[in-house]
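Notes follow once the structure below has been shown.
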Amino acid sequence: MAAGPKIEAPTLDALPTVPAIDPGAMAASKPYVAAKAHQEPLGFPGELLPDWEARAIAKLGELLGKYRSLRVYLDICVKCGACADKCHFFLGTGDPRNMPVARQDLLRDVYRRHFTLAGKVFGGLVGAAPLTRERLDQWYSYFHQCSQCRRCAVFCPYGIDTAEISMAAREIMDSIGIGQKYSNEIIAKVHKIGNNLGLPQPALEDTLLGLEEDVKEASGQDVKFPLDVEGAEVLLVTPSADFFAEPHVDGLIGYAKVFHQAGLSWTLSSYASEAGNFGMFIGSYEQMRKIALRIRKAALDLKVKRIVFGECGHAWRVAYAFLNTLAGPFDFLDPRYPVPQHIMELTRGFIRSGAIRLDRDANADKVVTVHDSCNIARATRMGPEPGSQFVYPRDILKAACPKFVDMHPDTTHERTFCCGGGGGLLTDELLDLRVKGAKPRVEALKQVVESHGVTHLAAMCAICKSQFTKVLPYYGYDMGMVVSVHQLVGNAIRMGEHS
Amino acid sequence: MAISGVSTFYAVLFYAATAIFLGGLAWKIGQYWRTPSPLKIAVTPAPVSAPGAALRVAREVVLFESLFFSSRWLWIMAALFHAGLALALVRHLRYFQDPVWEPVALAQPFGIYGGLAMLGGLLMLLARRLVIDRVRFVTAPSDLLMLLLLIGIGISGFGMSAMARVDVVMVKAFFRGLLMFQIRPLPIDPPLLLHLAAVAALMILFPFSKLLHLPGIFFSPTRHQADNPREARHLAPWAAKLEEKS
């Protein structure tokens with residue numbers, strides 16, 4: 001981070017603190033625009049089209065017919081402002097355009113102008129506005145300041161979900177040639193190579209062999225990290241950051257130890273070597289489906305019986321809530337198990353059945369709290385009961401760690417605050433936004449650090465892990481504080497003694 | 001008695017307002033109904049069955065459940081206004097019924113309190129909209145006009161009993177007449193004419209404004225969907241067509 005403006009973390013407040021509005025504070029924040037080379041592989045125009053305004057309106061019309069959420073949510077907002085102080089980006093920046101309602105209005109005003117009688121007749125009186133170049137720039141800036149975390153949708157009296165609006169806006173922008181470089185470049189890599197990092201099969205194989213050696217050295221056990229093994233019981237699909245980044249890779253080691261100890265055969269796939277699905281971030285059903293179909297093909301080719309996902313928030317949303325829709329039906333898999341399953345469903349089951357044993361003393365040096373990832377918290381389940389997405393990680397953490405503390409209830413479970421890096425914002429040019437967006441989460445963390453001596457923050461999402469390791473130092477916390485849930489499992493699991 | 005131009009005007013106005021209100025609502029509801037949801041997007045934790053999801057929507061409609069946990073003050077104001085309006089509406093049913101239903105007769109005194117609660121809630125909502133910087137930022141002129149229109153309905157309603165004693169028997173005869181497609185005379189009292197004009201305006205604006213939150217809440221996918229994507233495959237017609245292609 002040599003060049004660019006100096007990034008400073010805001011001063012932390014005690015919860016809850018709502019800032020006074022500061023119009024335009026974040027107007028200059030925007031991600032790099034996708035170049036031709038990033039746009040065209042996805043079938044999007046390479047640059048802003050000359051007749052972009054008419055095409056944008058036509059695309060909005062198309063989406064209104066395809067998405068009930070968009071159709072209804074653009075109509076029914078009463079501007080009550082209940083959502084206004086619920087967004088971490090507003091709380092962290094004070095920019096009123098980061099209030100969910102005001103973010104939505106950037107699109108809603110244009111909808112009113114072009115698609116409603118009131119907007120056509122009364123114009124500005126009802127808040128209608130034309131799609132000008134200035135408005136398009138605001139779209140690009142502020143629809144890339146939404147991490148699609150859906151906290152607003154929890155509190156809205158009508159369930160209006162700003163993620164649906166920002167996805168639609170991004171889809172419109174892609175269709176007129178003004179896409180986001182970070183997401184679109186990554187999606188092209190998945191289509192071409194199979195994962196977000198662009199790791200080809202040989203590199204992946206090398207990495208996994210290296211991990212086998214590391215684990216052998218550390219524990220003396222022959223824990224395997226199988227790749228492309230036909231006939232394995234389980235296909236594990238995990239975010240590609242798990243192959244390299246810290247603390248992600250310690251989570252991957254944790255999954256491998258769980259499979260090893262439980263005696264369940266598993267494999268990774270080099271073709272579907274990515275759990276993440278950035279198609280969701282850009283709001284494209286087609287892109288999301290294309291990525292999801294790789295997982296179906298890998299499961300068929302490798303003749304597995306179950307599909308299990310590793311620790312990743314948005315990936316679990318696409319997997320849990322969308323995979324059956326996008327790439328189903330999965331009638332070729334073992335019908336005794338849900339499709340797909342989360343690794344925590346397996347691990348918790350093994351702990352309860354005694355298939356694996358955890359020695360909590362291994363983590364006795366830590367006081368652990370957990371960050372509920374927004375997509376897991378507000379868009380999925382893990383077990384059969386509503387709310388199991390909160391129970392399962394906590395059951396596992398309590399089984400692996402002697403000291404576990406929850407953060408303030410207004411910042412956990414379905415009220416969890418986003419890490420500040422979700423929704424396709426985990427890119428360096430947005431670091432200022434990411435640091436500010438993490439403010440509410442870090443405030444809650446600070447509270448338990450000071451009151452309960454919390455030393456570690458357990459995360460269950462690749463993006464959260466990367467984001468926290470990057471932004472916590474700005475607030476004076478060590479990046480080593482961030483751990484994977486399965487890293488703690490991997491520390492605590494008793495190796496070798498099969499029961 | 002000769003029918004004045006004013007009575008004829010109001011008769012036509014209410015027929016038109018009713019037609020626009022019902023027709024507009026039917027059109028919007030049809031539009032919402034026909035628009036598919038390609039993905040399961042219930043905000044979780046969510047009920048896993050359809051009846052559970054219906055109950056969730058019912059709690060939102062009746063109790064404003066999400067708002068309760070979102071902003072307690074706003075919930076109080078919104079509840080005062082909406083519950084007050086509901087009571088006032090029930091009280092007004094007597095203008096359309098002969099004989100008046102027993103529950104409507106019993107609700108008459110509560111209708112007055114309802115009207116007061118409604119006005120109180122509206123005034124607080126208006127003050128809030130002007131005072132809180134966040135809410136002021138997202139307020140369009142129409143948001144204020146809508147509140148003023150409702151406040152106008154409330155004040156003119158109370159004005160009839162407090163200032164000018166309006167001949168309510170004649171008003172009832174007028175509306176009973178409309179139900180039977182007969183135009184009968186309406187008392188020419190400014191508070192009444194203002195009250196009725198404002199109500200007609202509200203009915204006409206309904207399908208074109210944010211008042212669509214009333215039907216819209218029933219079509220909000222984050223609330224009305226059951227959380228069962230692993231158990232049952234969900235596929236929108238347009239998404240199924242993609243599968244035919246590949």
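Chain identifiers are assigned as A, B, and so on, following the order in which chains appear in the structure tokens; residues are numbered from 1 within each chain, and ligands are numbered from 1 in order of appearance.
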Item to complete: Once DSSP has gone over the backbone, tell me which residues of stretch 310-476 of chain A are in alpha helix (DSSP H), as a ChimeraX atom specification.
Response: /A:313-317,323-327,343-353,374-379,388-400,431-437,439-452,462-471
Please build the interface table for chain A against chain B with a cut-off of 8 Å, listing for each qualifying residue the nearest atom pair and the distance in Å to one decimal; count only C-alpha atoms, order rows by chain and increasing number, and write it as a Markdown table.
```
| residue | atom | partner | partner_atom | distance |
| --- | --- | --- | --- | --- |
| A:Ala20 | CA | B:Asp133 | CA | 7.3 |
| A:Ile21 | CA | B:Arg134 | CA | 6.5 |
| A:Leu64 | CA | B:Thr35 | CA | 7.9 |
| A:Gly65 | CA | B:Thr35 | CA | 5.8 |
| A:Lys66 | CA | B:Pro36 | CA | 6.1 |
| A:Tyr67 | CA | B:Ser37 | CA | 5.3 |
| A:Arg68 | CA | B:Thr35 | CA | 5.0 |
| A:Ser69 | CA | B:Pro221 | CA | 6.1 |
| A:Arg71 | CA | B:Tyr32 | CA | 7.1 |
| A:Val72 | CA | B:Gly216 | CA | 6.1 |
| A:Tyr73 | CA | B:Ser220 | CA | 7.6 |
| A:Asp75 | CA | B:Lys210 | CA | 6.2 |
| A:Ile76 | CA | B:His213 | CA | 4.4 |
| A:Cys77 | CA | B:Lys210 | CA | 6.2 |
| A:Val78 | CA | B:Lys210 | CA | 5.5 |
| A:Lys79 | CA | B:Val138 | CA | 6.4 |
| A:Cys80 | CA | B:Val135 | CA | 7.0 |
| A:Gly81 | CA | B:Val135 | CA | 5.5 |
| A:Ala82 | CA | B:Ser70 | CA | 6.1 |
| A:Cys83 | CA | B:Ser70 | CA | 7.7 |
| A:Ala84 | CA | B:Arg134 | CA | 6.8 |
| A:Pro96 | CA | B:Arg134 | CA | 6.8 |
| A:Val101 | CA | B:Val138 | CA | 7.3 |
| A:Ala102 | CA | B:Val138 | CA | 6.1 |
| A:Thr116 | CA | B:Phe208 | CA | 7.3 |
| A:Leu117 | CA | B:Phe208 | CA | 6.8 |
| A:Ala118 | CA | B:Phe208 | CA | 6.0 |
| A:Gly124 | CA | B:Ala140 | CA | 7.9 |
| A:Leu125 | CA | B:Pro141 | CA | 5.3 |
| A:Val126 | CA | B:Ser142 | CA | 5.0 |
| A:Gly127 | CA | B:Ala140 | CA | 5.4 |
| A:Arg150 | CA | B:Val43 | CA | 7.9 |
| A:Ala153 | CA | B:Val43 | CA | 7.2 |
| A:Val154 | CA | B:Val43 | CA | 6.8 |
| A:Phe155 | CA | B:Ser70 | CA | 5.1 |
| A:Cys156 | CA | B:Ser66 | CA | 6.3 |
| A:Pro157 | CA | B:Leu67 | CA | 5.0 |
| A:Tyr158 | CA | B:Ile217 | CA | 5.4 |
| A:Gly159 | CA | B:Thr222 | CA | 5.7 |
| A:Ile160 | CA | B:Ser220 | CA | 7.3 |
| A:Asp161 | CA | B:Thr222 | CA | 7.4 |
| A:Tyr320 | CA | B:Arg230 | CA | 6.5 |
| A:Ala321 | CA | B:Pro229 | CA | 5.2 |
| A:Phe322 | CA | B:Leu39 | CA | 6.4 |
| A:Asn324 | CA | B:Arg233 | CA | 5.7 |
| A:Thr325 | CA | B:His234 | CA | 5.4 |
| A:Gly328 | CA | B:Arg233 | CA | 7.3 |
| A:Pro329 | CA | B:Arg233 | CA | 7.0 |
| A:Pro338 | CA | B:Arg230 | CA | 6.3 |
| A:Val339 | CA | B:Arg230 | CA | 6.0 |
| A:Pro340 | CA | B:Arg230 | CA | 7.4 |
| A:Ala377 | CA | B:Thr44 | CA | 6.8 |
| A:Arg378 | CA | B:Thr44 | CA | 4.5 |
| A:Ala379 | CA | B:Thr44 | CA | 5.1 |
| A:Thr380 | CA | B:Thr44 | CA | 6.2 |
| A:Arg381 | CA | B:Pro45 | CA | 7.4 |
| A:Glu385 | CA | B:Val48 | CA | 7.9 |
| A:Pro386 | CA | B:Pro45 | CA | 5.0 |
| A:Gly387 | CA | B:Pro45 | CA | 5.2 |
| A:Glu414 | CA | B:Thr44 | CA | 7.2 |
```
Item to complete: Record the distance separating atom CA of A:Pro41 and atom CA of A:Ala163, expressed in Å with one decimal.
Response: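 Computing it gives 24.8 Å between the two atoms.
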Discussion item. Would you compute the distance between atom CA of A:Asp372 and atom CA of A:Asp395? Give it in Å to one decimal.
Written reply: 13.4 Å
Practice prompt. Could you give me, as a list in words, the residues within 10 Å of B:Ala79, counting only C-alpha atoms and dropping anything in the same chain fewer than 6 positions from it?
Written response: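 The residues satisfying every condition are Val62, Leu63, Phe64, Leu67, Phe68, Trp73, Leu85, Ala117, Met118 and Gly121 of chain B.
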Discussion item. With only C-alpha atoms as the counted atoms, please give the residues lying no more than 12 Å from A:Gly220, apart from itself and same-chain residues fewer than 6 positions off, as a ChimeraX atom specification.
Written reply: /A:212-214,495-496
N, CA, C and O atoms of the current selection, written as an mmCIF file, in the first residue's frame:
```cif
data_model
loop_
_atom_site.group_PDB
_atom_site.id
_atom_site.type_symbol
_atom_site.label_atom_id
_atom_site.label_comp_id
_atom_site.auth_asym_id
_atom_site.auth_seq_id
_atom_site.Cartn_x
_atom_site.Cartn_y
_atom_site.Cartn_z
ATOM 1 N N GLU A 212 0.233 -32.073 2.990
ATOM 2 C CA GLU A 212 0.356 -33.421 3.560
ATOM 3 C C GLU A 212 1.664 -33.546 4.328
ATOM 4 O O GLU A 212 1.706 -34.079 5.436
ATOM 5 N N GLU A 213 2.745 -33.004 3.722
ATOM 6 C CA GLU A 213 4.052 -33.048 4.395
ATOM 7 C C GLU A 213 4.042 -32.234 5.680
ATOM 8 O O GLU A 213 4.564 -32.674 6.708
ATOM 9 N N ASP A 214 3.431 -31.048 5.601
ATOM 10 C CA ASP A 214 3.374 -30.192 6.794
ATOM 11 C C ASP A 214 2.661 -30.897 7.940
ATOM 12 O O ASP A 214 3.116 -30.857 9.089
ATOM 13 N N MET A 495 -5.671 -37.170 17.254
ATOM 14 C CA MET A 495 -5.321 -37.924 16.047
ATOM 15 C C MET A 495 -4.931 -39.339 16.414
ATOM 16 O O MET A 495 -4.398 -39.608 17.478
ATOM 17 N N GLY A 496 -5.207 -40.231 15.476
ATOM 18 C CA GLY A 496 -4.657 -41.585 15.617
ATOM 19 C C GLY A 496 -5.545 -42.575 16.343
ATOM 20 O O GLY A 496 -5.561 -43.739 15.988
#
```
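The space between atom CA of A:Pro393 and atom CA of A:Glu345 spans 9.0 Å.
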List the neighbours of B:Leu149 out to 9 Å using only C-alpha atoms; skip same-chain residues closer than 6 positions along the sequence, and give me the result as a compact mmCIF listing (two decimals) with N, CA, C and O atoms, in the first residue's frame.
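Generated output (around.txt):
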```txt
# COMPACT_ATOMS: atom_id res chain seq x y z
N ALA B 198 -60.54 14.57 0.22
CA ALA B 198 -59.22 14.05 0.60
C ALA B 198 -59.23 12.52 0.59
O ALA B 198 -58.26 11.89 0.16
N VAL B 199 -60.33 11.93 1.05
CA VAL B 199 -60.42 10.46 1.03
C VAL B 199 -60.40 9.95 -0.41
O VAL B 199 -59.70 8.98 -0.73
N ALA B 201 -59.06 11.42 -2.93
CA ALA B 201 -57.68 11.61 -3.44
C ALA B 201 -56.78 10.48 -2.96
O ALA B 201 -55.97 9.94 -3.73
N LEU B 202 -56.94 10.09 -1.71
CA LEU B 202 -56.13 9.01 -1.16
C LEU B 202 -56.39 7.70 -1.91
O LEU B 202 -55.46 6.95 -2.23
```
Worksheet item: Within 12 Å of B:Leu193, counting only C-alpha atoms, which residues qualify if same-chain residues fewer than 5 places away don't, as a list in words?
Response: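 Neighbouring residues, sequence-local ones excluded: Val6, Ser7, Phe9, Tyr10, Ala11, Leu13, Gly152, Ile153, Ser156, Gly157, Gly159, Met160, Ala164, Val166, Val171, Leu186, Pro187, Ile188, Ala198, Val199 and Ala200 of chain B.
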Using only N, CA, C and O atoms, please write the residues we just selected to a file, as an mmCIF file, in the first residue's frame.
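The result, written out as out03.cif:
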```
data_model
loop_
_atom_site.group_PDB
_atom_site.id
_atom_site.type_symbol
_atom_site.label_atom_id
_atom_site.label_comp_id
_atom_site.auth_asym_id
_atom_site.auth_seq_id
_atom_site.Cartn_x
_atom_site.Cartn_y
_atom_site.Cartn_z
ATOM 1 N N VAL B 6 -72.929 19.792 -6.692
ATOM 2 C CA VAL B 6 -71.904 19.297 -5.776
ATOM 3 C C VAL B 6 -72.128 17.811 -5.497
ATOM 4 O O VAL B 6 -71.195 17.005 -5.538
ATOM 5 N N SER B 7 -73.358 17.426 -5.235
ATOM 6 C CA SER B 7 -73.657 16.022 -4.947
ATOM 7 C C SER B 7 -73.293 15.143 -6.135
ATOM 8 O O SER B 7 -72.704 14.072 -5.984
ATOM 9 N N PHE B 9 -71.143 15.831 -8.455
ATOM 10 C CA PHE B 9 -69.693 15.804 -8.572
ATOM 11 C C PHE B 9 -69.095 14.769 -7.615
ATOM 12 O O PHE B 9 -68.258 13.946 -8.009
ATOM 13 N N TYR B 10 -69.529 14.777 -6.368
ATOM 14 C CA TYR B 10 -68.979 13.845 -5.392
ATOM 15 C C TYR B 10 -69.365 12.407 -5.707
ATOM 16 O O TYR B 10 -68.584 11.481 -5.475
ATOM 17 N N ALA B 11 -70.542 12.227 -6.248
ATOM 18 C CA ALA B 11 -70.948 10.864 -6.626
ATOM 19 C C ALA B 11 -70.019 10.337 -7.716
ATOM 20 O O ALA B 11 -69.492 9.223 -7.624
ATOM 21 N N LEU B 13 -67.089 11.470 -8.425
ATOM 22 C CA LEU B 13 -65.742 11.363 -7.851
ATOM 23 C C LEU B 13 -65.564 10.026 -7.135
ATOM 24 O O LEU B 13 -64.551 9.335 -7.309
ATOM 25 N N GLY B 152 -54.997 15.856 7.013
ATOM 26 C CA GLY B 152 -56.167 16.615 6.565
ATOM 27 C C GLY B 152 -57.445 15.807 6.694
ATOM 28 O O GLY B 152 -58.492 16.320 7.108
ATOM 29 N N ILE B 153 -57.374 14.527 6.367
ATOM 30 C CA ILE B 153 -58.542 13.651 6.505
ATOM 31 C C ILE B 153 -58.958 13.576 7.974
ATOM 32 O O ILE B 153 -60.140 13.694 8.306
ATOM 33 N N SER B 156 -60.291 17.180 9.232
ATOM 34 C CA SER B 156 -61.612 17.506 8.683
ATOM 35 C C SER B 156 -62.675 16.583 9.259
ATOM 36 O O SER B 156 -63.822 16.981 9.467
ATOM 37 N N GLY B 157 -62.255 15.347 9.553
ATOM 38 C CA GLY B 157 -63.205 14.403 10.166
ATOM 39 C C GLY B 157 -63.642 14.877 11.535
ATOM 40 O O GLY B 157 -64.849 14.927 11.832
ATOM 41 N N GLY B 159 -63.358 17.888 12.553
ATOM 42 C CA GLY B 159 -63.979 19.205 12.359
ATOM 43 C C GLY B 159 -65.483 19.111 12.204
ATOM 44 O O GLY B 159 -66.217 19.993 12.636
ATOM 45 N N MET B 160 -65.940 18.004 11.651
ATOM 46 C CA MET B 160 -67.378 17.849 11.427
ATOM 47 C C MET B 160 -68.146 17.746 12.727
ATOM 48 O O MET B 160 -69.244 18.250 12.848
ATOM 49 N N ALA B 164 -68.709 22.152 12.818
ATOM 50 C CA ALA B 164 -70.007 22.162 12.144
ATOM 51 C C ALA B 164 -70.674 20.809 12.351
ATOM 52 O O ALA B 164 -70.086 19.778 12.049
ATOM 53 N N VAL B 166 -72.478 18.116 11.121
ATOM 54 C CA VAL B 166 -72.896 17.658 9.806
ATOM 55 C C VAL B 166 -74.061 16.685 9.964
ATOM 56 O O VAL B 166 -74.099 15.903 10.927
ATOM 57 N N VAL B 171 -75.571 12.059 5.054
ATOM 58 C CA VAL B 171 -74.327 11.506 4.494
ATOM 59 C C VAL B 171 -74.506 10.013 4.256
ATOM 60 O O VAL B 171 -74.126 9.471 3.218
ATOM 61 N N LEU B 186 -76.077 15.473 -0.850
ATOM 62 C CA LEU B 186 -75.018 15.475 0.156
ATOM 63 C C LEU B 186 -75.089 16.826 0.871
ATOM 64 O O LEU B 186 -75.296 17.850 0.229
ATOM 65 N N PRO B 187 -74.931 16.863 2.211
ATOM 66 C CA PRO B 187 -74.932 18.161 2.878
ATOM 67 C C PRO B 187 -73.759 19.011 2.389
ATOM 68 O O PRO B 187 -72.663 18.475 2.200
ATOM 69 N N ILE B 188 -74.008 20.287 2.175
ATOM 70 C CA ILE B 188 -72.941 21.152 1.674
ATOM 71 C C ILE B 188 -72.245 21.797 2.874
ATOM 72 O O ILE B 188 -72.564 22.912 3.281
ATOM 73 N N ALA B 198 -60.535 14.572 0.217
ATOM 74 C CA ALA B 198 -59.224 14.049 0.602
ATOM 75 C C ALA B 198 -59.230 12.521 0.586
ATOM 76 O O ALA B 198 -58.255 11.886 0.156
ATOM 77 N N VAL B 199 -60.333 11.926 1.045
ATOM 78 C CA VAL B 199 -60.422 10.456 1.031
ATOM 79 C C VAL B 199 -60.400 9.948 -0.407
ATOM 80 O O VAL B 199 -59.697 8.978 -0.734
ATOM 81 N N ALA B 200 -61.126 10.617 -1.284
ATOM 82 C CA ALA B 200 -61.135 10.203 -2.692
ATOM 83 C C ALA B 200 -59.739 10.330 -3.283
ATOM 84 O O ALA B 200 -59.277 9.451 -4.026
#
```
Item to complete: Identify, on the basis of only C-alpha atoms, every residue whose closest approach to stretch 172-185 of chain B does not exceed 12 Å; exclude the query and any residue fewer than 2 positions from it along the same chain; express the result as a PyMOL selection string.
Response: chain B and resi 1-16+18+92-100+166-170+187-188+196
